[in-house]
Amino acid sequence: ENLHNFIQPFHNVPKDFPKLKNDAFLRACHGQETNHVPVWCMRQAGRYLPEFREFRAGKDFFETCRSPAACCELTLQPLRRFPFDAAIIFSDILVIPQAMGMDVQMVAGKGPTFPEPLKEPEDLLLLQPKVDVNKELGYVFKAITLTRHKLDGKVPLIGFTGAPWTLMAYMIEGGGSTTHSKAKRWLYRHPEASHKLLKMLTDVIVVYLLGQVAAGAQALQVFESHAGCLGPVEFQEFSLPYLRDIARKVKDQLKESGQDVPMIVFAKDGHYGLEDLSQSHYEVVGLDWTIDPRSARERTGGKVSLQGNMDPCALYAPKERISEIVKKMLEGFGTRGYIANLGHGLYPDMDPENVGAFVEAVHTHSRHLNLK
(Lines give C-alpha, C1' and ligand atoms only; values in the text may rest on other atoms or scores of the structure.)
Protein backbone atom coordinates (compact mmCIF):
# COMPACT_ATOMS: atom_id res chain seq x y z
CA GLU A 1 0.00 0.00 0.00
CA ASN A 2 2.77 2.33 1.11
CA LEU A 3 4.73 1.57 -2.03
CA HIS A 4 1.72 2.40 -4.17
CA ASN A 5 1.48 5.93 -2.84
CA PHE A 6 5.15 6.36 -3.61
CA ILE A 7 4.83 5.17 -7.15
CA GLN A 8 1.71 7.03 -8.26
CA PRO A 9 3.64 10.21 -9.20
CA PHE A 10 5.98 8.21 -11.46
CA HIS A 11 3.22 7.29 -13.87
CA ASN A 12 2.88 10.76 -15.39
CA VAL A 13 6.31 10.61 -17.01
CA PRO A 14 6.43 11.34 -20.76
CA LYS A 15 6.68 8.07 -22.67
CA ASP A 16 7.29 9.41 -26.20
CA PHE A 17 10.84 8.06 -26.29
CA PRO A 18 12.59 7.48 -29.64
CA LYS A 19 12.41 3.92 -30.94
CA LEU A 20 15.30 1.66 -29.92
CA LYS A 21 17.58 0.82 -32.84
CA ASN A 22 20.06 -1.57 -31.20
CA ASP A 23 18.48 -4.00 -28.74
CA ALA A 24 21.37 -6.52 -28.61
CA PHE A 25 22.06 -5.73 -24.94
CA LEU A 26 18.43 -6.27 -23.86
CA ARG A 27 18.17 -9.45 -25.91
CA ALA A 28 21.35 -10.82 -24.31
CA CYS A 29 19.97 -10.01 -20.84
CA HIS A 30 17.04 -12.30 -21.64
CA GLY A 31 19.26 -15.01 -23.12
CA GLN A 32 18.01 -14.47 -26.67
CA GLU A 33 20.13 -14.71 -29.80
CA THR A 34 22.09 -11.67 -31.01
CA ASN A 35 24.27 -11.31 -34.11
CA HIS A 36 27.12 -9.97 -31.97
CA VAL A 37 27.89 -10.04 -28.25
CA PRO A 38 26.87 -6.68 -26.78
CA VAL A 39 29.50 -4.79 -24.82
CA TRP A 40 29.68 -1.86 -22.40
CA CYS A 41 32.13 -0.93 -19.64
CA MET A 42 31.62 -0.13 -16.01
CA ARG A 43 32.81 3.49 -15.54
CA GLN A 44 32.66 4.04 -19.30
CA ALA A 45 31.78 7.69 -18.58
CA GLY A 46 34.92 8.56 -16.74
CA ARG A 47 38.26 10.13 -16.18
CA TYR A 48 40.04 8.09 -18.84
CA LEU A 49 38.39 10.44 -21.38
CA PRO A 50 40.02 13.86 -21.84
CA GLU A 51 36.61 15.37 -22.68
CA PHE A 52 35.26 14.07 -19.36
CA ARG A 53 38.10 15.65 -17.39
CA GLU A 54 37.65 18.91 -19.27
CA PHE A 55 33.90 18.98 -18.68
CA ARG A 56 34.25 18.17 -14.97
CA ALA A 57 37.18 20.53 -14.26
CA GLY A 58 36.61 22.81 -11.30
CA LYS A 59 33.10 21.51 -10.63
CA ASP A 60 31.94 19.83 -7.44
CA PHE A 61 31.28 16.13 -8.09
CA PHE A 62 27.88 15.89 -6.42
CA GLU A 63 26.82 19.20 -7.93
CA THR A 64 27.49 17.60 -11.32
CA CYS A 65 25.38 14.61 -10.25
CA ARG A 66 22.52 16.99 -9.45
CA SER A 67 22.58 18.58 -12.91
CA PRO A 68 20.50 16.52 -15.38
CA ALA A 69 22.16 18.28 -18.35
CA ALA A 70 25.67 17.49 -17.05
CA CYS A 71 24.78 13.85 -16.32
CA CYS A 72 23.31 13.51 -19.80
CA GLU A 73 26.43 14.95 -21.46
CA LEU A 74 28.78 12.69 -19.45
CA THR A 75 26.63 9.62 -20.23
CA LEU A 76 26.76 10.37 -23.96
CA GLN A 77 30.48 11.18 -24.25
CA PRO A 78 31.75 7.58 -24.48
CA LEU A 79 29.05 6.73 -27.05
CA ARG A 80 30.35 9.43 -29.39
CA ARG A 81 33.69 7.67 -29.41
CA PHE A 82 32.87 3.98 -29.19
CA PRO A 83 30.09 1.72 -30.51
CA PHE A 84 29.04 0.53 -27.03
CA ASP A 85 25.78 -1.45 -26.96
CA ALA A 86 24.46 0.25 -23.81
CA ALA A 87 24.73 3.52 -21.94
CA ILE A 88 24.72 3.78 -18.15
CA ILE A 89 23.45 6.96 -16.54
CA PHE A 90 26.16 9.10 -14.97
CA SER A 91 25.45 9.26 -11.23
CA ASP A 92 26.81 7.83 -7.97
CA ILE A 93 25.70 5.15 -5.53
CA LEU A 94 26.09 7.56 -2.59
CA VAL A 95 23.14 9.74 -3.60
CA ILE A 96 21.04 7.38 -1.45
CA PRO A 97 22.80 8.09 1.88
CA GLN A 98 22.53 11.78 0.92
CA ALA A 99 18.78 11.39 0.36
CA MET A 100 18.57 9.80 3.83
CA GLY A 101 20.08 12.92 5.35
CA MET A 102 23.80 12.15 5.49
CA ASP A 103 26.45 14.60 4.36
CA VAL A 104 28.76 13.12 1.69
CA GLN A 105 31.57 15.04 0.02
CA MET A 106 33.94 14.09 -2.77
CA VAL A 107 37.43 14.96 -1.50
CA ALA A 108 40.21 15.30 -4.07
CA GLY A 109 42.77 12.52 -3.77
CA LYS A 110 40.68 10.76 -1.12
CA GLY A 111 37.34 9.98 -2.72
CA PRO A 112 33.91 10.01 -1.10
CA THR A 113 33.94 11.14 2.53
CA PHE A 114 31.26 11.25 5.23
CA PRO A 115 32.24 13.93 7.78
CA GLU A 116 29.87 12.30 10.30
CA PRO A 117 29.62 8.55 9.71
CA LEU A 118 27.28 6.31 11.72
CA LYS A 119 29.11 5.13 14.84
CA GLU A 120 26.58 3.43 17.09
CA PRO A 121 23.07 1.98 16.58
CA GLU A 122 21.43 5.09 18.08
CA ASP A 123 22.82 7.07 15.12
CA LEU A 124 20.14 5.39 12.97
CA LEU A 125 17.71 7.87 14.54
CA LEU A 126 19.53 10.64 12.65
CA LEU A 127 18.52 9.13 9.31
CA GLN A 128 15.41 10.18 7.42
CA PRO A 129 13.05 7.20 8.00
CA LYS A 130 10.67 8.01 5.12
CA VAL A 131 12.49 9.38 2.10
CA ASP A 132 10.47 11.29 -0.50
CA VAL A 133 12.41 9.80 -3.39
CA ASN A 134 10.82 12.07 -5.99
CA LYS A 135 11.87 15.15 -4.06
CA GLU A 136 15.33 14.00 -2.94
CA LEU A 137 16.42 12.09 -6.05
CA GLY A 138 14.23 13.62 -8.75
CA TYR A 139 17.38 15.03 -10.37
CA VAL A 140 18.45 11.47 -11.25
CA PHE A 141 15.04 10.78 -12.82
CA LYS A 142 15.27 14.01 -14.85
CA ALA A 143 18.76 13.04 -16.03
CA ILE A 144 17.46 9.62 -17.15
CA THR A 145 14.49 11.07 -19.06
CA LEU A 146 16.67 13.70 -20.75
CA THR A 147 19.38 11.17 -21.65
CA ARG A 148 16.87 8.68 -22.98
CA HIS A 149 15.59 11.35 -25.40
CA LYS A 150 19.09 12.52 -26.38
CA LEU A 151 20.26 8.95 -26.98
CA ASP A 152 17.71 8.93 -29.78
CA GLY A 153 17.24 5.16 -29.53
CA LYS A 154 20.88 4.47 -30.32
CA VAL A 155 21.29 1.99 -27.43
CA PRO A 156 19.42 1.13 -24.22
CA LEU A 157 19.99 3.16 -21.05
CA ILE A 158 20.93 1.41 -17.81
CA GLY A 159 19.98 2.79 -14.39
CA PHE A 160 21.71 1.63 -11.22
CA THR A 161 21.99 1.66 -7.46
CA GLY A 162 24.40 0.57 -4.76
CA ALA A 163 23.26 -2.48 -2.78
CA PRO A 164 22.31 -2.16 0.90
CA TRP A 165 25.44 -3.76 2.40
CA THR A 166 27.76 -1.69 0.18
CA LEU A 167 25.97 1.54 1.13
CA MET A 168 25.93 0.56 4.81
CA ALA A 169 29.70 -0.03 4.66
CA TYR A 170 30.28 3.49 3.31
CA MET A 171 27.89 5.06 5.83
CA ILE A 172 29.76 3.51 8.77
CA GLU A 173 33.34 3.59 7.47
CA GLY A 174 32.91 7.21 6.39
CA GLY A 175 34.61 6.49 3.05
CA GLY A 176 36.57 3.81 1.26
CA SER A 177 38.30 1.08 3.28
CA THR A 178 40.30 -2.07 2.65
CA THR A 179 39.03 -4.05 5.66
CA HIS A 180 35.60 -2.48 6.30
CA SER A 181 36.23 -3.46 9.91
CA LYS A 182 34.03 -0.67 11.33
CA ALA A 183 31.05 -1.76 9.25
CA LYS A 184 31.71 -5.45 9.92
CA ARG A 185 31.97 -4.71 13.63
CA TRP A 186 28.28 -3.73 13.41
CA LEU A 187 27.38 -7.06 11.81
CA TYR A 188 28.97 -8.96 14.69
CA ARG A 189 28.12 -6.62 17.59
CA HIS A 190 24.83 -5.08 16.47
CA PRO A 191 23.14 -7.58 14.15
CA GLU A 192 19.66 -6.19 14.87
CA ALA A 193 20.64 -2.60 14.13
CA SER A 194 22.47 -3.82 11.01
CA HIS A 195 19.32 -5.50 9.71
CA LYS A 196 17.31 -2.41 10.55
CA LEU A 197 19.65 -0.22 8.50
CA LEU A 198 19.79 -2.72 5.61
CA LYS A 199 16.00 -2.82 5.55
CA MET A 200 15.76 1.00 5.54
CA LEU A 201 18.17 1.10 2.61
CA THR A 202 16.29 -1.64 0.75
CA ASP A 203 13.01 0.29 1.01
CA VAL A 204 14.57 3.43 -0.47
CA ILE A 205 16.40 1.47 -3.19
CA VAL A 206 13.21 -0.26 -4.40
CA VAL A 207 11.34 3.02 -4.85
CA TYR A 208 14.46 4.62 -6.37
CA LEU A 209 14.80 1.86 -8.99
CA LEU A 210 11.10 2.00 -9.86
CA GLY A 211 11.47 5.76 -10.30
CA GLN A 212 14.39 5.18 -12.66
CA VAL A 213 12.30 2.82 -14.78
CA ALA A 214 9.38 5.28 -14.85
CA ALA A 215 11.85 7.96 -15.95
CA GLY A 216 13.07 5.79 -18.84
CA ALA A 217 15.75 3.34 -17.64
CA GLN A 218 15.59 0.18 -19.76
CA ALA A 219 17.70 -2.05 -17.48
CA LEU A 220 18.92 -1.82 -13.88
CA GLN A 221 22.20 -2.82 -12.26
CA VAL A 222 22.67 -3.34 -8.52
CA PHE A 223 26.28 -2.86 -7.37
CA GLU A 224 27.30 -4.94 -4.34
CA SER A 225 30.85 -3.62 -4.65
CA HIS A 226 31.83 -4.66 -1.13
CA ALA A 227 30.68 -8.29 -1.28
CA GLY A 228 34.32 -9.38 -1.13
CA CYS A 229 34.90 -8.35 2.45
CA LEU A 230 32.11 -10.65 3.68
CA GLY A 231 32.51 -14.37 4.16
CA PRO A 232 29.90 -16.81 2.84
CA VAL A 233 27.99 -16.85 6.16
CA GLU A 234 27.75 -13.06 6.49
CA PHE A 235 26.90 -12.76 2.81
CA GLN A 236 23.99 -15.17 3.32
CA GLU A 237 22.70 -13.12 6.22
CA PHE A 238 23.46 -9.49 5.44
CA SER A 239 23.70 -9.20 1.66
CA LEU A 240 21.84 -11.89 -0.26
CA PRO A 241 18.37 -11.54 1.37
CA TYR A 242 18.34 -7.83 0.57
CA LEU A 243 19.58 -8.32 -2.99
CA ARG A 244 16.73 -10.81 -3.47
CA ASP A 245 14.19 -8.50 -1.88
CA ILE A 246 15.14 -5.66 -4.18
CA ALA A 247 14.76 -7.74 -7.34
CA ARG A 248 11.53 -9.35 -6.19
CA LYS A 249 9.84 -6.12 -5.10
CA VAL A 250 10.89 -4.19 -8.20
CA LYS A 251 9.71 -7.01 -10.47
CA ASP A 252 6.36 -7.38 -8.68
CA GLN A 253 5.63 -3.69 -9.12
CA LEU A 254 6.72 -3.66 -12.76
CA LYS A 255 4.60 -6.71 -13.53
CA GLU A 256 1.51 -4.79 -12.41
CA SER A 257 2.16 -2.19 -15.08
CA GLY A 258 3.13 -4.86 -17.63
CA GLN A 259 6.78 -3.84 -17.79
CA ASP A 260 9.72 -6.14 -18.17
CA VAL A 261 13.03 -4.51 -17.26
CA PRO A 262 16.05 -6.81 -16.96
CA MET A 263 18.07 -6.55 -13.75
CA ILE A 264 21.78 -7.22 -13.26
CA VAL A 265 23.42 -8.03 -9.93
CA PHE A 266 27.16 -7.44 -9.57
CA ALA A 267 28.66 -8.74 -6.32
CA LYS A 268 32.36 -8.02 -6.65
CA ASP A 269 34.60 -10.80 -5.27
CA GLY A 270 31.56 -12.76 -4.13
CA HIS A 271 32.61 -16.07 -5.74
CA TYR A 272 31.00 -18.10 -2.98
CA GLY A 273 27.64 -16.54 -3.83
CA LEU A 274 27.53 -17.42 -7.52
CA GLU A 275 24.98 -20.24 -7.27
CA ASP A 276 22.74 -18.23 -4.95
CA LEU A 277 22.98 -15.09 -7.06
CA SER A 278 21.88 -17.03 -10.12
CA GLN A 279 18.63 -17.87 -8.28
CA SER A 280 17.85 -14.42 -6.94
CA HIS A 281 15.35 -13.06 -9.51
CA TYR A 282 18.02 -11.23 -11.55
CA GLU A 283 18.26 -11.95 -15.29
CA VAL A 284 22.00 -11.25 -15.34
CA VAL A 285 24.85 -11.94 -12.94
CA GLY A 286 27.88 -9.67 -13.37
CA LEU A 287 31.28 -11.23 -12.71
CA ASP A 288 34.61 -9.78 -11.62
CA TRP A 289 37.81 -10.85 -13.37
CA THR A 290 38.80 -13.50 -10.80
CA ILE A 291 36.18 -15.98 -12.02
CA ASP A 292 36.80 -18.43 -14.84
CA PRO A 293 34.14 -18.05 -17.57
CA ARG A 294 33.57 -21.77 -18.07
CA SER A 295 33.20 -22.49 -14.37
CA ALA A 296 30.82 -19.52 -14.03
CA ARG A 297 28.65 -21.03 -16.77
CA GLU A 298 28.72 -24.38 -15.06
CA ARG A 299 27.94 -23.05 -11.60
CA THR A 300 25.06 -20.86 -12.76
CA GLY A 301 23.64 -23.75 -14.77
CA GLY A 302 22.19 -21.70 -17.61
CA LYS A 303 19.71 -20.01 -15.23
CA VAL A 304 20.98 -16.51 -15.99
CA SER A 305 22.86 -14.48 -18.55
CA LEU A 306 26.38 -13.51 -17.52
CA GLN A 307 28.19 -10.19 -17.78
CA GLY A 308 31.91 -9.47 -17.55
CA ASN A 309 34.68 -10.09 -16.89
CA MET A 310 37.96 -9.01 -18.51
CA ASP A 311 40.56 -7.79 -16.06
CA PRO A 312 40.50 -3.98 -16.47
CA CYS A 313 44.32 -4.04 -16.38
CA ALA A 314 44.30 -6.07 -19.60
CA LEU A 315 43.56 -2.71 -21.25
CA TYR A 316 47.19 -1.75 -20.57
CA ALA A 317 48.23 -4.50 -23.00
CA PRO A 318 48.98 -3.81 -26.67
CA LYS A 319 45.92 -3.96 -28.93
CA GLU A 320 46.74 -7.36 -30.51
CA ARG A 321 47.00 -8.85 -27.03
CA ILE A 322 43.67 -7.28 -26.02
CA SER A 323 42.14 -8.95 -29.06
CA GLU A 324 43.53 -12.38 -28.02
CA ILE A 325 42.30 -11.97 -24.43
CA VAL A 326 38.81 -11.05 -25.66
CA LYS A 327 38.70 -14.01 -28.04
CA LYS A 328 39.57 -16.42 -25.26
CA MET A 329 37.00 -14.83 -22.95
CA LEU A 330 34.26 -15.13 -25.59
CA GLU A 331 35.13 -18.77 -26.19
CA GLY A 332 34.84 -19.39 -22.45
CA PHE A 333 31.43 -17.74 -22.05
CA GLY A 334 29.93 -18.61 -25.42
CA THR A 335 28.06 -15.94 -27.37
CA ARG A 336 24.52 -16.49 -26.08
CA GLY A 337 23.17 -15.01 -22.84
CA TYR A 338 26.37 -13.05 -22.52
CA ILE A 339 27.27 -9.36 -22.23
CA ALA A 340 30.93 -8.47 -22.51
CA ASN A 341 32.27 -6.06 -19.91
CA LEU A 342 35.25 -5.60 -17.64
CA GLY A 343 35.48 -7.35 -14.28
CA HIS A 344 35.42 -3.92 -12.63
CA GLY A 345 35.47 -0.29 -13.80
CA LEU A 346 37.89 1.51 -16.11
CA TYR A 347 40.84 3.24 -14.43
CA PRO A 348 41.62 6.94 -15.04
CA ASP A 349 45.00 6.32 -16.68
CA MET A 350 43.70 4.00 -19.40
CA ASP A 351 44.14 4.84 -23.05
CA PRO A 352 40.80 5.47 -24.80
CA GLU A 353 42.28 3.82 -27.92
CA ASN A 354 42.59 0.55 -26.02
CA VAL A 355 39.00 0.78 -24.84
CA GLY A 356 38.07 1.12 -28.52
CA ALA A 357 40.17 -1.96 -29.31
CA PHE A 358 38.32 -3.91 -26.61
CA VAL A 359 34.89 -2.99 -28.00
CA GLU A 360 35.95 -3.78 -31.55
CA ALA A 361 37.46 -7.13 -30.54
CA VAL A 362 34.21 -8.16 -28.81
CA HIS A 363 32.12 -7.29 -31.87
CA THR A 364 34.49 -8.85 -34.41
CA HIS A 365 35.26 -12.10 -32.60
CA SER A 366 31.67 -12.69 -31.52
CA ARG A 367 30.34 -12.21 -35.05
CA HIS A 368 32.95 -14.68 -36.23
CA LEU A 369 32.07 -17.21 -33.50
CA ASN A 370 28.38 -16.87 -34.34
CA LEU A 371 29.08 -17.94 -37.94
CA LYS A 372 30.74 -21.18 -36.86
# chains A, B, ... in the order shown; residues from 1 in each chain; ligands from 1
call {"tool": "residues_around", "arguments": {"residues": "range 189-192 of chain A", "least_positions_apart": "3", "cutoff": "9 Å", "atoms": "only C-alpha atoms", "output": "number ranges by chain"}}
result
A: 120-121, 184-186, 195-197, 238
call {"tool": "write_last_selection", "arguments": {"atoms": "N, CA, C and O atoms", "output": "CSV table (one decimal), in the first residue's frame"}}
result
chain,number,residue,atom,x,y,z
A,120,GLU,N,27.3,4.4,16.2
A,120,GLU,CA,26.6,3.4,17.1
A,120,GLU,C,25.1,3.3,16.6
A,120,GLU,O,24.6,4.2,15.9
A,121,PRO,N,24.5,2.2,17.0
A,121,PRO,CA,23.1,2.0,16.6
A,121,PRO,C,22.1,3.2,16.8
A,121,PRO,O,21.3,3.4,15.9
A,184,LYS,N,31.9,-4.0,9.5
A,184,LYS,CA,31.7,-5.5,9.9
A,184,LYS,C,31.6,-5.6,11.4
A,184,LYS,O,30.9,-6.5,11.9
A,185,ARG,N,32.1,-4.7,12.2
A,185,ARG,CA,32.0,-4.7,13.6
A,185,ARG,C,30.5,-4.6,14.0
A,185,ARG,O,30.0,-5.3,14.8
A,186,TRP,N,29.7,-3.8,13.2
A,186,TRP,CA,28.3,-3.7,13.4
A,186,TRP,C,27.6,-5.1,13.2
A,186,TRP,O,26.8,-5.5,13.9
A,195,HIS,N,20.5,-5.1,10.5
A,195,HIS,CA,19.3,-5.5,9.7
A,195,HIS,C,18.3,-4.3,9.6
A,195,HIS,O,17.8,-4.1,8.5
A,196,LYS,N,18.2,-3.6,10.6
A,196,LYS,CA,17.3,-2.4,10.6
A,196,LYS,C,17.8,-1.4,9.5
A,196,LYS,O,17.0,-0.9,8.7
A,197,LEU,N,19.1,-1.2,9.5
A,197,LEU,CA,19.7,-0.2,8.5
A,197,LEU,C,19.5,-0.8,7.1
A,197,LEU,O,19.2,-0.1,6.1
A,238,PHE,N,23.6,-11.0,5.5
A,238,PHE,CA,23.5,-9.5,5.4
A,238,PHE,C,23.5,-8.9,4.0
A,238,PHE,O,23.3,-7.7,3.8
call {"tool": "residues_around", "arguments": {"residues": "Gln128 in chain A", "least_positions_apart": "4", "cutoff": "8 Å", "atoms": "only C-alpha atoms", "output": "PyMOL selection string"}}
result
chain A and resi 99-101
call {"tool": "write_last_selection", "arguments": {"atoms": "all heavy atoms", "output": "PDB file, in the first residue's frame"}}
result
ATOM      1  N   ALA A  99      20.234  11.236   0.307  1.00  0.00           N
ATOM      2  CA  ALA A  99      18.776  11.387   0.365  1.00  0.00           C
ATOM      3  C   ALA A  99      18.242  11.042   1.750  1.00  0.00           C
ATOM      4  O   ALA A  99      17.190  11.519   2.163  1.00  0.00           O
ATOM      5  CB  ALA A  99      18.112  10.507  -0.689  1.00  0.00           C
ATOM      6  N   MET A 100      18.993  10.198   2.485  1.00  0.00           N
ATOM      7  CA  MET A 100      18.568   9.802   3.831  1.00  0.00           C
ATOM      8  C   MET A 100      19.073  10.785   4.893  1.00  0.00           C
ATOM      9  O   MET A 100      18.935  10.547   6.084  1.00  0.00           O
ATOM     10  CB  MET A 100      19.044   8.388   4.129  1.00  0.00           C
ATOM     11  CG  MET A 100      18.363   7.345   3.261  1.00  0.00           C
ATOM     12  SD  MET A 100      19.098   5.706   3.413  1.00  0.00           S
ATOM     13  CE  MET A 100      18.280   5.090   4.881  1.00  0.00           C
ATOM     14  N   GLY A 101      19.697  11.863   4.425  1.00  0.00           N
ATOM     15  CA  GLY A 101      20.077  12.922   5.353  1.00  0.00           C
ATOM     16  C   GLY A 101      21.542  12.974   5.743  1.00  0.00           C
ATOM     17  O   GLY A 101      21.940  13.761   6.594  1.00  0.00           O
TER      18      GLY A 101
END
call {"tool": "closest_atom_pairs", "arguments": {"of": "range 216-303 of chain A", "to": "range 12-32 of chain A", "cutoff": "7 Å", "atoms": "only C-alpha atoms", "output": "JSON lines"}}
result
{"residue": "A:Pro262", "atom": "CA", "partner": "A:Cys29", "partner_atom": "CA", "distance": 6.4}
{"residue": "A:Glu283", "atom": "CA", "partner": "A:Cys29", "partner_atom": "CA", "distance": 6.1}
{"residue": "A:Val284", "atom": "CA", "partner": "A:Cys29", "partner_atom": "CA", "distance": 6.0}
call {"tool": "write_last_selection", "arguments": {"atoms": "all heavy atoms", "output": "tab-separated table (two decimals), in the first residue's frame"}}
result
chain	number	residue	atom	x	y	z
A	262	PRO	N	15.05	-5.87	-17.48
A	262	PRO	CA	16.05	-6.81	-16.96
A	262	PRO	C	16.90	-6.18	-15.85
A	262	PRO	O	17.19	-4.99	-15.89
A	262	PRO	CB	16.91	-7.16	-18.18
A	262	PRO	CG	16.65	-6.10	-19.18
A	262	PRO	CD	15.29	-5.55	-18.90
A	283	GLU	N	18.05	-11.29	-13.98
A	283	GLU	CA	18.26	-11.95	-15.29
A	283	GLU	C	19.74	-12.15	-15.57
A	283	GLU	O	20.13	-13.06	-16.29
A	283	GLU	CB	17.69	-11.09	-16.43
A	283	GLU	CG	16.20	-11.18	-16.61
A	283	GLU	CD	15.45	-10.37	-15.55
A	283	GLU	OE1	16.05	-9.62	-14.77
A	283	GLU	OE2	14.22	-10.51	-15.53
A	284	VAL	N	20.56	-11.24	-15.01
A	284	VAL	CA	22.00	-11.25	-15.34
A	284	VAL	C	22.83	-11.21	-14.07
A	284	VAL	O	22.52	-10.45	-13.14
A	284	VAL	CB	22.37	-10.01	-16.21
A	284	VAL	CG1	23.83	-10.08	-16.66
A	284	VAL	CG2	21.44	-9.88	-17.41
call {"tool": "atom_distance", "arguments": {"atom1": "CA of Lys130 in chain A", "atom2": "CA of Lys249 in chain A"}}
result
17.5 Å
call {"tool": "select_by_dssp", "arguments": {"residues": "range 128-281 of chain A", "states": "alpha helix (DSSP H)", "output": "ChimeraX atom specification"}}
result
/A:133-151,164-173,181-189,191-215,232-234,240-256,274-277
call {"tool": "residues_around", "arguments": {"residues": "range 286-289 of chain A", "least_positions_apart": "4", "cutoff": "9 Å", "atoms": "only C-alpha atoms", "output": "list in words"}}
result
Gln221, Ile264, Val265, Phe266, Ala267, Lys268, Asp269, Gly270, His271, Leu274, Pro293, Ala296, Ser305, Leu306, Gln307, Gly308, Asn309, Met310, Asp311, Pro312, Ile339, Asn341, Leu342, Gly343 and His344 of chain A
call {"tool": "write_last_selection", "arguments": {"atoms": "N, CA, C and O atoms", "output": "short mmCIF file (atom, residue, chain, number, x, y, z; two decimals), in the first residue's frame"}}
result
data_model
loop_
_atom_site.label_atom_id
_atom_site.label_comp_id
_atom_site.auth_asym_id
_atom_site.auth_seq_id
_atom_site.Cartn_x
_atom_site.Cartn_y
_atom_site.Cartn_z
N GLN A 221 21.11 -2.05 -12.85
CA GLN A 221 22.20 -2.82 -12.26
C GLN A 221 22.33 -2.47 -10.77
O GLN A 221 22.30 -1.31 -10.39
N ILE A 264 20.44 -6.63 -13.35
CA ILE A 264 21.78 -7.22 -13.26
C ILE A 264 22.26 -7.08 -11.83
O ILE A 264 22.14 -6.00 -11.24
N VAL A 265 22.81 -8.15 -11.26
CA VAL A 265 23.42 -8.03 -9.93
C VAL A 265 24.93 -8.23 -10.09
O VAL A 265 25.37 -9.15 -10.78
N PHE A 266 25.70 -7.33 -9.50
CA PHE A 266 27.16 -7.44 -9.57
C PHE A 266 27.72 -7.42 -8.16
O PHE A 266 27.75 -6.39 -7.50
N ALA A 267 28.09 -8.63 -7.67
CA ALA A 267 28.66 -8.74 -6.32
C ALA A 267 30.16 -8.97 -6.48
O ALA A 267 30.60 -10.10 -6.69
N LYS A 268 30.93 -7.91 -6.38
CA LYS A 268 32.36 -8.02 -6.65
C LYS A 268 33.04 -8.91 -5.61
O LYS A 268 32.84 -8.75 -4.41
N ASP A 269 33.85 -9.85 -6.11
CA ASP A 269 34.60 -10.80 -5.27
C ASP A 269 33.71 -11.72 -4.46
O ASP A 269 34.14 -12.31 -3.47
N GLY A 270 32.46 -11.87 -4.88
CA GLY A 270 31.56 -12.76 -4.13
C GLY A 270 31.47 -14.13 -4.78
O GLY A 270 30.38 -14.63 -5.03
N HIS A 271 32.61 -14.77 -5.03
CA HIS A 271 32.61 -16.07 -5.74
C HIS A 271 31.68 -17.06 -5.09
O HIS A 271 30.97 -17.80 -5.74
N LEU A 274 27.93 -17.31 -6.10
CA LEU A 274 27.53 -17.42 -7.52
C LEU A 274 26.25 -18.24 -7.73
O LEU A 274 25.34 -17.81 -8.44
N PRO A 293 35.42 -18.05 -16.83
CA PRO A 293 34.14 -18.05 -17.57
C PRO A 293 33.45 -19.40 -17.64
O PRO A 293 32.24 -19.50 -17.39
N ALA A 296 31.99 -20.36 -14.34
CA ALA A 296 30.82 -19.52 -14.03
C ALA A 296 29.59 -20.05 -14.75
O ALA A 296 28.49 -20.11 -14.18
N SER A 305 21.82 -14.97 -17.64
CA SER A 305 22.86 -14.48 -18.55
C SER A 305 24.02 -14.01 -17.67
O SER A 305 23.83 -13.70 -16.50
N LEU A 306 25.21 -13.95 -18.27
CA LEU A 306 26.38 -13.51 -17.52
C LEU A 306 26.96 -12.25 -18.13
O LEU A 306 26.84 -12.03 -19.34
N GLN A 307 27.58 -11.43 -17.31
CA GLN A 307 28.19 -10.19 -17.78
C GLN A 307 29.59 -10.06 -17.18
O GLN A 307 29.79 -10.27 -16.00
N GLY A 308 30.54 -9.68 -18.04
CA GLY A 308 31.91 -9.47 -17.55
C GLY A 308 32.90 -9.98 -18.57
O GLY A 308 32.54 -10.18 -19.72
N ASN A 309 34.07 -10.32 -18.17
CA ASN A 309 34.68 -10.09 -16.89
C ASN A 309 36.18 -9.90 -17.10
O ASN A 309 36.99 -10.36 -16.32
N MET A 310 36.53 -9.19 -18.21
CA MET A 310 37.96 -9.01 -18.51
C MET A 310 38.62 -8.16 -17.43
O MET A 310 38.04 -7.17 -16.97
N ASP A 311 39.80 -8.57 -17.03
CA ASP A 311 40.56 -7.79 -16.06
C ASP A 311 40.77 -6.38 -16.64
O ASP A 311 41.31 -6.23 -17.73
N PRO A 312 40.33 -5.33 -15.93
CA PRO A 312 40.50 -3.98 -16.47
C PRO A 312 41.96 -3.71 -16.86
O PRO A 312 42.23 -3.02 -17.83
N ILE A 339 26.97 -10.77 -21.98
CA ILE A 339 27.27 -9.36 -22.23
C ILE A 339 28.73 -9.14 -21.86
O ILE A 339 29.13 -9.42 -20.72
N ASN A 341 32.00 -7.22 -20.75
CA ASN A 341 32.27 -6.06 -19.91
C ASN A 341 33.62 -6.30 -19.26
O ASN A 341 34.25 -7.34 -19.50
N LEU A 342 34.05 -5.38 -18.43
CA LEU A 342 35.25 -5.60 -17.64
C LEU A 342 34.82 -6.22 -16.31
O LEU A 342 33.65 -6.18 -15.95
N GLY A 343 35.79 -6.76 -15.58
CA GLY A 343 35.48 -7.35 -14.28
C GLY A 343 35.41 -6.31 -13.18
O GLY A 343 35.14 -6.61 -12.03
N HIS A 344 35.66 -5.06 -13.51
CA HIS A 344 35.42 -3.92 -12.63
C HIS A 344 35.48 -2.69 -13.53
O HIS A 344 35.48 -2.83 -14.74
#
call {"tool": "closest_atom_pairs", "arguments": {"of": "range 67-120 of chain A", "to": "range 204-211 of chain A", "cutoff": "12 Å", "atoms": "only C-alpha atoms", "output": "tab-separated table"}}
result
residue	atom	partner	partner_atom	distance
A:Ile93	CA	A:Ile205	CA	10.3
A:Leu94	CA	A:Ile205	CA	11.5
A:Val95	CA	A:Tyr208	CA	10.5
A:Ile96	CA	A:Val204	CA	7.6
A:Pro97	CA	A:Val204	CA	9.7
A:Gln98	CA	A:Val204	CA	11.6
A:Ala99	CA	A:Val204	CA	9.0
A:Met100	CA	A:Val204	CA	8.7
